[in-house]
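> My structure file coords_19.tsv, TSV, C-alpha atoms and all ligand atoms, is below:
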chain	number	residue	atom	x	y	z
A	6	MET	CA	0.00	0.00	0.00
A	7	LYS	CA	1.18	3.47	-0.82
A	8	LEU	CA	0.50	6.11	1.84
A	9	ILE	CA	0.30	9.80	0.94
A	10	LYS	CA	0.15	12.02	4.02
A	11	THR	CA	-1.12	15.54	3.51
A	12	SER	CA	-1.19	18.52	5.85
A	13	THR	CA	-4.85	19.33	5.31
A	14	TYR	CA	-8.12	17.91	4.03
A	15	GLU	CA	-7.94	20.43	1.16
A	16	GLU	CA	-4.55	19.11	0.10
A	17	LEU	CA	-5.80	15.51	0.36
A	18	SER	CA	-8.76	16.36	-1.87
A	19	GLN	CA	-6.57	18.25	-4.32
A	20	MET	CA	-4.02	15.45	-4.67
A	21	ALA	CA	-6.58	12.66	-5.05
A	22	ALA	CA	-8.61	14.70	-7.56
A	23	ALA	CA	-5.50	15.49	-9.63
A	24	GLN	CA	-4.70	11.79	-9.89
A	25	ILE	CA	-8.28	10.89	-10.84
A	26	ILE	CA	-8.31	13.59	-13.52
A	27	SER	CA	-5.04	12.39	-15.02
A	28	LYS	CA	-6.43	8.84	-15.13
A	29	ILE	CA	-9.50	10.10	-17.01
A	30	HIS	CA	-7.25	11.92	-19.47
A	31	ALA	CA	-5.26	8.73	-20.00
A	32	ASN	CA	-8.43	6.61	-20.31
A	33	PRO	CA	-11.54	8.66	-21.24
A	34	SER	CA	-13.80	5.62	-20.78
A	35	LEU	CA	-12.57	4.95	-17.24
A	36	LYS	CA	-14.81	2.77	-15.06
A	37	LEU	CA	-14.82	4.78	-11.86
A	38	GLY	CA	-16.09	3.45	-8.54
A	39	LEU	CA	-17.51	6.14	-6.26
A	40	ALA	CA	-18.20	6.53	-2.55
A	41	THR	CA	-20.55	8.72	-0.56
A	42	GLY	CA	-20.12	10.15	2.95
A	43	SER	CA	-18.39	13.40	3.88
A	44	THR	CA	-14.83	12.45	2.97
A	45	PRO	CA	-15.01	12.37	-0.84
A	46	THR	CA	-16.99	15.62	-1.20
A	47	GLY	CA	-13.79	17.70	-1.38
A	48	VAL	CA	-12.56	15.54	-4.26
A	49	TYR	CA	-15.90	15.88	-6.05
A	50	LYS	CA	-15.73	19.69	-5.66
A	51	ARG	CA	-12.35	19.70	-7.34
A	52	LEU	CA	-13.51	17.44	-10.17
A	53	ILE	CA	-16.36	19.90	-10.78
A	54	GLN	CA	-14.00	22.87	-10.65
A	55	ASP	CA	-11.59	21.23	-13.08
A	56	HIS	CA	-14.47	20.32	-15.41
A	57	GLY	CA	-15.43	24.02	-15.49
A	58	GLU	CA	-11.92	25.34	-15.90
A	59	ASN	CA	-10.12	22.68	-17.95
A	60	LYS	CA	-13.09	21.00	-19.64
A	61	THR	CA	-12.15	17.47	-18.55
A	62	THR	CA	-14.98	15.43	-20.05
A	63	TYR	CA	-16.89	12.53	-18.51
A	64	LYS	CA	-18.90	11.73	-21.64
A	65	GLN	CA	-17.44	8.23	-21.89
A	66	VAL	CA	-16.88	7.56	-18.18
A	67	ASN	CA	-19.09	5.05	-16.35
A	68	THR	CA	-19.43	5.33	-12.58
A	69	PHE	CA	-20.42	2.64	-10.10
A	70	ASN	CA	-21.36	3.57	-6.55
A	71	LEU	CA	-20.54	1.33	-3.64
A	72	ASP	CA	-23.83	1.36	-1.86
A	73	GLU	CA	-27.36	2.63	-1.31
A	74	TYR	CA	-29.83	2.62	1.56
A	75	ILE	CA	-32.76	0.25	1.34
A	76	GLU	CA	-36.29	1.68	1.14
A	77	ILE	CA	-35.27	5.28	0.61
A	78	SER	CA	-36.59	6.77	-2.60
A	79	LYS	CA	-34.07	8.09	-5.13
A	80	LYS	CA	-35.61	11.54	-4.72
A	81	ASP	CA	-35.10	11.56	-0.95
A	82	PRO	CA	-32.24	13.96	-0.06
A	83	ASN	CA	-30.76	11.20	2.12
A	84	SER	CA	-30.51	8.69	-0.72
A	85	TYR	CA	-27.11	8.19	-2.25
A	86	HIS	CA	-28.71	8.75	-5.68
A	87	TYR	CA	-29.62	12.25	-4.55
A	88	PHE	CA	-26.23	12.77	-2.90
A	89	MET	CA	-24.33	11.87	-6.06
A	90	CYS	CA	-26.46	14.14	-8.28
A	91	GLU	CA	-26.05	17.04	-5.83
A	92	ASN	CA	-22.36	16.55	-5.22
A	93	LEU	CA	-21.13	15.50	-8.66
A	94	PHE	CA	-23.31	14.27	-11.50
A	95	ASP	CA	-25.40	17.44	-11.97
A	96	HIS	CA	-22.24	19.53	-12.34
A	97	ILE	CA	-20.22	17.56	-14.91
A	98	ASP	CA	-21.05	16.31	-18.40
A	99	ILE	CA	-21.55	12.64	-17.54
A	100	PRO	CA	-24.70	11.17	-19.15
A	101	LEU	CA	-26.91	10.04	-16.24
A	102	GLU	CA	-27.41	6.64	-17.85
A	103	GLN	CA	-23.69	6.04	-17.36
A	104	THR	CA	-23.96	6.55	-13.60
A	105	HIS	CA	-24.82	3.38	-11.73
A	106	ILE	CA	-25.99	2.98	-8.13
A	107	PRO	CA	-27.68	-0.06	-6.58
A	108	ASP	CA	-31.46	0.35	-6.42
A	109	GLY	CA	-32.51	0.17	-2.77
A	110	THR	CA	-36.16	0.40	-3.78
A	111	ALA	CA	-36.09	-2.64	-6.09
A	112	LYS	CA	-38.99	-5.07	-5.51
A	113	ASP	CA	-36.64	-8.02	-5.38
A	114	LEU	CA	-33.57	-6.82	-3.49
A	115	GLU	CA	-31.68	-10.11	-3.73
A	116	GLU	CA	-32.15	-10.02	-7.49
A	117	GLU	CA	-30.96	-6.39	-7.53
A	118	CYS	CA	-27.73	-7.39	-5.77
A	119	LYS	CA	-27.07	-10.10	-8.35
A	120	ARG	CA	-27.92	-7.75	-11.22
A	121	TYR	CA	-25.59	-5.01	-9.95
A	122	GLU	CA	-22.68	-7.38	-9.41
A	123	GLN	CA	-23.09	-8.89	-12.89
A	124	PHE	CA	-23.56	-5.45	-14.42
A	125	ILE	CA	-20.17	-4.28	-13.10
A	126	GLN	CA	-18.53	-7.43	-14.41
A	127	ASP	CA	-20.23	-6.98	-17.81
A	128	HIS	CA	-18.60	-3.56	-17.98
A	129	GLY	CA	-15.20	-5.17	-17.50
A	130	GLY	CA	-14.89	-4.30	-13.81
A	131	ILE	CA	-13.84	-1.14	-12.03
A	132	ASP	CA	-10.58	0.55	-13.02
A	133	LEU	CA	-10.36	2.86	-10.02
A	134	GLN	CA	-12.45	2.64	-6.83
A	135	ILE	CA	-12.68	5.58	-4.44
A	136	LEU	CA	-13.25	4.49	-0.84
A	137	GLY	CA	-13.84	6.06	2.54
A	138	ILE	CA	-13.56	4.18	5.82
A	139	GLY	CA	-15.93	3.93	8.75
A	140	GLN	CA	-14.66	4.27	12.31
A	141	ASN	CA	-15.40	0.57	12.75
A	142	GLY	CA	-13.37	-0.27	9.65
A	143	HIS	CA	-16.28	-0.60	7.24
A	144	ILE	CA	-15.65	-0.08	3.55
A	145	GLY	CA	-18.71	0.48	1.41
A	146	PHE	CA	-21.28	-0.62	3.96
A	147	ASN	CA	-19.46	-3.86	4.74
A	148	GLU	CA	-19.68	-3.98	8.49
A	149	PRO	CA	-17.29	-5.91	10.77
A	150	GLY	CA	-17.75	-9.64	10.31
A	151	THR	CA	-18.62	-9.42	6.60
A	152	SER	CA	-16.99	-12.24	4.66
A	153	PHE	CA	-14.01	-11.29	2.54
A	154	SER	CA	-15.56	-13.40	-0.22
A	155	SER	CA	-18.81	-11.39	-0.23
A	156	ARG	CA	-20.20	-9.94	-3.44
A	157	THR	CA	-22.93	-7.26	-3.70
A	158	HIS	CA	-25.35	-8.00	-0.86
A	159	ILE	CA	-27.86	-6.70	1.65
A	160	ILE	CA	-26.33	-5.62	4.94
A	161	ASN	CA	-27.84	-4.83	8.34
A	162	LEU	CA	-26.26	-1.56	9.42
A	163	SER	CA	-24.53	-1.57	12.79
A	164	GLU	CA	-25.75	0.79	15.48
A	165	SER	CA	-22.43	2.66	15.37
A	166	THR	CA	-22.78	3.27	11.61
A	167	ARG	CA	-26.42	4.36	12.01
A	168	LYS	CA	-25.35	6.73	14.78
A	169	ALA	CA	-22.46	8.14	12.72
A	170	ASN	CA	-24.77	8.70	9.73
A	171	SER	CA	-27.65	10.08	11.81
A	172	ARG	CA	-26.06	13.53	11.39
A	173	PHE	CA	-27.68	13.62	7.95
A	174	PHE	CA	-31.15	12.62	9.19
A	175	LYS	CA	-33.75	14.26	11.44
A	176	SER	CA	-33.25	11.59	14.07
A	177	LEU	CA	-31.54	8.25	14.62
A	178	GLU	CA	-34.92	6.56	14.15
A	179	ASP	CA	-35.02	7.84	10.55
A	180	VAL	CA	-31.69	6.21	9.59
A	181	PRO	CA	-32.36	3.07	7.53
A	182	ARG	CA	-31.46	-0.25	9.09
A	183	GLN	CA	-30.33	-1.88	5.87
A	184	ALA	CA	-28.40	-1.08	2.72
A	185	ILE	CA	-27.21	-2.72	-0.47
A	186	THR	CA	-23.45	-2.67	-0.72
A	187	MET	CA	-20.82	-4.01	-3.05
A	188	GLY	CA	-19.16	-6.87	-1.19
A	189	ILE	CA	-15.56	-7.03	-0.07
A	190	ALA	CA	-14.65	-9.31	-2.98
A	191	SER	CA	-16.41	-6.90	-5.39
A	192	ILE	CA	-14.31	-4.01	-4.04
A	193	MET	CA	-11.11	-6.07	-4.10
A	194	ALA	CA	-11.74	-6.90	-7.79
A	195	SER	CA	-11.12	-3.22	-8.66
A	196	LYS	CA	-7.86	-2.75	-10.52
A	197	GLU	CA	-6.86	0.17	-8.34
A	198	ILE	CA	-8.17	1.68	-5.09
A	199	PHE	CA	-7.85	5.16	-3.56
A	200	LEU	CA	-8.75	5.21	0.14
A	201	LEU	CA	-9.46	8.70	1.51
A	202	VAL	CA	-9.07	9.16	5.26
A	203	SER	CA	-9.63	12.47	6.98
A	204	GLY	CA	-9.95	13.74	10.54
A	205	ALA	CA	-9.06	12.68	14.07
A	206	SER	CA	-12.12	10.43	14.29
A	207	LYS	CA	-10.51	8.13	11.70
A	208	ALA	CA	-7.00	8.03	13.22
A	209	GLU	CA	-7.56	4.78	15.11
A	210	ALA	CA	-9.12	3.10	12.11
A	211	LEU	CA	-6.20	4.08	9.89
A	212	ALA	CA	-3.62	2.92	12.44
A	213	ARG	CA	-5.40	-0.41	12.74
A	214	LEU	CA	-5.52	-0.79	8.96
A	215	VAL	CA	-1.85	0.01	8.49
A	216	ASN	CA	-0.45	-1.89	11.49
A	217	GLY	CA	-3.03	-4.52	12.12
A	218	GLU	CA	-3.48	-8.07	11.02
A	219	VAL	CA	-5.85	-8.80	8.14
A	220	SER	CA	-9.16	-9.74	9.77
A	221	GLU	CA	-12.84	-9.86	8.85
A	222	SER	CA	-13.52	-8.15	12.18
A	223	PHE	CA	-12.05	-4.97	10.68
A	224	PRO	CA	-13.05	-5.05	6.99
A	225	ALA	CA	-10.65	-2.37	5.72
A	226	THR	CA	-7.65	-4.53	6.68
A	227	VAL	CA	-8.39	-6.61	3.57
A	228	LEU	CA	-6.84	-3.76	1.58
A	229	ASN	CA	-3.44	-4.94	2.81
A	230	SER	CA	-3.79	-7.82	0.38
A	231	HIS	CA	-4.66	-5.69	-2.69
A	232	LYS	CA	-1.83	-4.98	-5.13
A	233	ASN	CA	-2.65	-1.37	-6.00
A	234	VAL	CA	-3.96	0.75	-3.11
A	235	THR	CA	-3.09	4.36	-2.39
A	236	ILE	CA	-4.17	5.85	0.94
A	237	PHE	CA	-4.57	9.61	1.07
A	238	ALA	CA	-4.61	10.68	4.73
A	239	ASP	CA	-4.55	14.13	6.27
A	240	LYS	CA	-2.55	15.10	9.35
A	241	GLU	CA	-5.32	14.41	11.88
A	242	ALA	CA	-6.07	11.00	10.41
A	243	SER	CA	-2.34	10.13	10.38
A	244	ALA	CA	-1.78	11.14	14.00
A	245	LEU	CA	-1.54	7.58	15.36
A	246	LEU	CA	0.69	6.18	12.62
A	247	PRO	CA	4.25	5.28	13.55
A	248	PRO	CA	6.87	7.83	12.39
A	249	PRO	CA	8.40	7.01	8.98
A	301	LIG	O1	-16.67	9.85	4.88
A	301	LIG	P1	-17.56	9.53	6.04
A	301	LIG	O2	-18.79	10.37	6.06
A	301	LIG	O3	-16.84	9.54	7.33
A	301	LIG	O4	-18.07	8.05	5.81
A	301	LIG	C1	-17.19	6.97	5.82
A	301	LIG	C2	-17.84	5.80	5.16
A	301	LIG	O5	-19.12	5.62	5.68
A	301	LIG	C3	-20.07	5.49	4.64
A	301	LIG	O6	-20.65	6.74	4.39
A	301	LIG	C4	-21.10	4.54	5.01
A	301	LIG	O7	-21.45	4.80	6.33
A	301	LIG	C5	-19.23	5.06	3.48
A	301	LIG	O8	-19.91	5.14	2.29
A	301	LIG	C6	-18.06	5.94	3.68
A	301	LIG	O9	-17.01	5.55	2.94
Give the structure from the file, written as structure tokens.

Amino acid sequence: MKLIKTSTYEELSQMAAAQIISKIHANPSLKLGLATGSTPTGVYKRLIQDHGENKTTYKQVNTFNLDEYIEISKKDPNSYHYFMCENLFDHIDIPLEQTHIPDGTAKDLEEECKRYEQFIQDHGGIDLQILGIGQNGHIGFNEPGTSFSSRTHIINLSESTRKANSRFFKSLEDVPRQAITMGIASIMASKEIFLLVSGASKAEALARLVNGEVSESFPATVLNSHKNVTIFADKEASALLPPP
């Protein structure tokens, strides 16, 4: 794993965005895996800014999001569909039909998981996956204990994840109890992974990922066995890492 430490969140976002943009220039039909949550929003802002200033085009890019809440309509401001439109898709020239997110309102959710997994494979897989990390080590919505061989599946959200995400909802009660998420094996099948880690609240998780043994009890540790991972971490998130 390559670790890039930055002084600030702004620098982290700038550096990760610059690398994503250069990959799109090198491969205009990049298959780009996307994450939600607070961490990647700085990167998305810079992609939008660069699209305005330098006209980087997304006309041939396909995006694949990691996850979506179950039983939240796409029009609900708390859905990840809504989040992605607000934070990225509505501000760049990507055709909406080339943006893909699991459908948490599908009638047959098991079937939707199978469809989404197959769909990614039919597109030749993900070239570059952007990831955040939960304080409990979750990647996508794969909570501790999720099998490393899991493919896209339905997950029961842990209370700690629901609590962490309740900041976006009116109350904890409103936070969904389930989501569809790409599995660990689906994420690991990506050719390259950028993990974005920001803030003191993620310092322990990052230290455990970097120093710890690979264990299903802390899903992100699986990244130690991927061949092409870059971690972008700001100063606060790096605080508990051993000195170089
Ligand atoms: O960037 P945040 O908001 O801390 O979220 C971390 C992770 O948690 C999730 O939002 C799910 O809870 C992931 O999608 C994200 O990568």
> Identify, counting all atoms listed in the file, the protein, DNA and RNA residues located within 10 Å of ligand LIG 301 (chain A), and give them as an mmCIF file with C-alpha atoms, in the frame of the given file.

data_model
loop_
_atom_site.group_PDB
_atom_site.id
_atom_site.type_symbol
_atom_site.label_atom_id
_atom_site.label_comp_id
_atom_site.auth_asym_id
_atom_site.auth_seq_id
_atom_site.Cartn_x
_atom_site.Cartn_y
_atom_site.Cartn_z
ATOM 1 C CA LEU A 39 -17.510 6.140 -6.260
ATOM 2 C CA ALA A 40 -18.200 6.530 -2.550
ATOM 3 C CA THR A 41 -20.550 8.720 -0.560
ATOM 4 C CA GLY A 42 -20.120 10.150 2.950
ATOM 5 C CA SER A 43 -18.390 13.400 3.880
ATOM 6 C CA THR A 44 -14.830 12.450 2.970
ATOM 7 C CA PRO A 45 -15.010 12.370 -0.840
ATOM 8 C CA THR A 46 -16.990 15.620 -1.200
ATOM 9 C CA ASN A 70 -21.360 3.570 -6.550
ATOM 10 C CA LEU A 71 -20.540 1.330 -3.640
ATOM 11 C CA ASP A 72 -23.830 1.360 -1.860
ATOM 12 C CA GLU A 73 -27.360 2.630 -1.310
ATOM 13 C CA TYR A 74 -29.830 2.620 1.560
ATOM 14 C CA TYR A 85 -27.110 8.190 -2.250
ATOM 15 C CA ILE A 135 -12.680 5.580 -4.440
ATOM 16 C CA LEU A 136 -13.250 4.490 -0.840
ATOM 17 C CA GLY A 137 -13.840 6.060 2.540
ATOM 18 C CA ILE A 138 -13.560 4.180 5.820
ATOM 19 C CA GLY A 139 -15.930 3.930 8.750
ATOM 20 C CA GLN A 140 -14.660 4.270 12.310
ATOM 21 C CA ASN A 141 -15.400 0.570 12.750
ATOM 22 C CA GLY A 142 -13.370 -0.270 9.650
ATOM 23 C CA HIS A 143 -16.280 -0.600 7.240
ATOM 24 C CA ILE A 144 -15.650 -0.080 3.550
ATOM 25 C CA GLY A 145 -18.710 0.480 1.410
ATOM 26 C CA PHE A 146 -21.280 -0.620 3.960
ATOM 27 C CA ASN A 147 -19.460 -3.860 4.740
ATOM 28 C CA GLU A 148 -19.680 -3.980 8.490
ATOM 29 C CA LEU A 162 -26.260 -1.560 9.420
ATOM 30 C CA SER A 163 -24.530 -1.570 12.790
ATOM 31 C CA SER A 165 -22.430 2.660 15.370
ATOM 32 C CA THR A 166 -22.780 3.270 11.610
ATOM 33 C CA ARG A 167 -26.420 4.360 12.010
ATOM 34 C CA LYS A 168 -25.350 6.730 14.780
ATOM 35 C CA ALA A 169 -22.460 8.140 12.720
ATOM 36 C CA ASN A 170 -24.770 8.700 9.730
ATOM 37 C CA SER A 171 -27.650 10.080 11.810
ATOM 38 C CA ARG A 172 -26.060 13.530 11.390
ATOM 39 C CA PHE A 173 -27.680 13.620 7.950
ATOM 40 C CA ALA A 184 -28.400 -1.080 2.720
ATOM 41 C CA THR A 186 -23.450 -2.670 -0.720
ATOM 42 C CA LEU A 200 -8.750 5.210 0.140
ATOM 43 C CA LEU A 201 -9.460 8.700 1.510
ATOM 44 C CA VAL A 202 -9.070 9.160 5.260
ATOM 45 C CA SER A 203 -9.630 12.470 6.980
ATOM 46 C CA GLY A 204 -9.950 13.740 10.540
ATOM 47 C CA SER A 206 -12.120 10.430 14.290
ATOM 48 C CA LYS A 207 -10.510 8.130 11.700
#
> Figure out the distance between CA of Gly109 (chain A) and CA of Ile77 (chain A), please, to one decimal in Å.
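Straight-line distance from CA of Ile77 (chain A) to CA of Gly109 (chain A) works out to 6.7 Å.
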> Would you please work out which residue, of A:Thr61, A:Thr104, A:Ser12, A:Gln54, is nearest to Cys90 (chain A) when using all atoms listed in the file?
A:Thr104
> Scan for residues within 9 Å of the point (-9.5, 1.4, -3.3) in the coordinates of the file, using only C-alpha atoms, and reply as a list of chain:residue names.
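The requested residues, written out, are A:Gly38, A:Leu133, A:Gln134, A:Ile135, A:Leu136, A:Gly137, A:Ile192, A:Met193, A:Ser195, A:Lys196, A:Glu197, A:Ile198, A:Phe199, A:Leu200, A:Leu201, A:Leu228, A:His231, A:Asn233, A:Val234, A:Thr235, A:Ile236.
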> Nearest residue to Lys10 (chain A) out of A:Val48, A:Ala244, A:Ala225, A:Ile99, using all atoms listed in the file?
A:Ala244
> Tell me, in Å to one decimal, how far CA of Gln123 (chain A) is from CA of Tyr63 (chain A).
23.0 Å
> Measuring between all atoms listed in the file, which one of A:Ala21, A:Lys50, A:Ile75, A:His105 shows the shortest distance to Ile9 (chain A)?
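The shortest atom-to-atom distance to Ile9 (chain A) comes from A:Ala21.
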> Rounded to one decimal in Å, what is the spacing between CA of Leu211 (chain A) and CA of Leu17 (chain A)?
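So the answer is 14.9 Å.
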> Taking into account only C-alpha atoms, which residue in the set A:Gln103, A:Ser78, A:Asp113, A:Asp98 is nearest to Pro181 (chain A)?
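Among A:Gln103, A:Ser78, A:Asp113, A:Asp98, it is A:Ser78 that comes nearest to Pro181 (chain A).
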> Excluding Gln126 (chain A) and residues on its chain fewer than 3 positions from it, collect all residues at most 12 Å away from it, counting only C-alpha atoms, and give them as JSON, numbers by chain.
{"A": [36, 69, 119, 120, 121, 122, 123, 129, 130, 131, 132, 156, 157, 191, 192, 194, 195]}
> Would you mind telling me which residue in A:Leu35, A:Ala190, A:Leu114, A:Met20 lies nearest to Gly47 (chain A) when using all atoms listed in the file?
A:Met20
> From the list A:Ala212, A:Lys232, A:Glu241, A:Thr110, which residue is nearest Asp81 (chain A) when using only C-alpha atoms?
A:Thr110
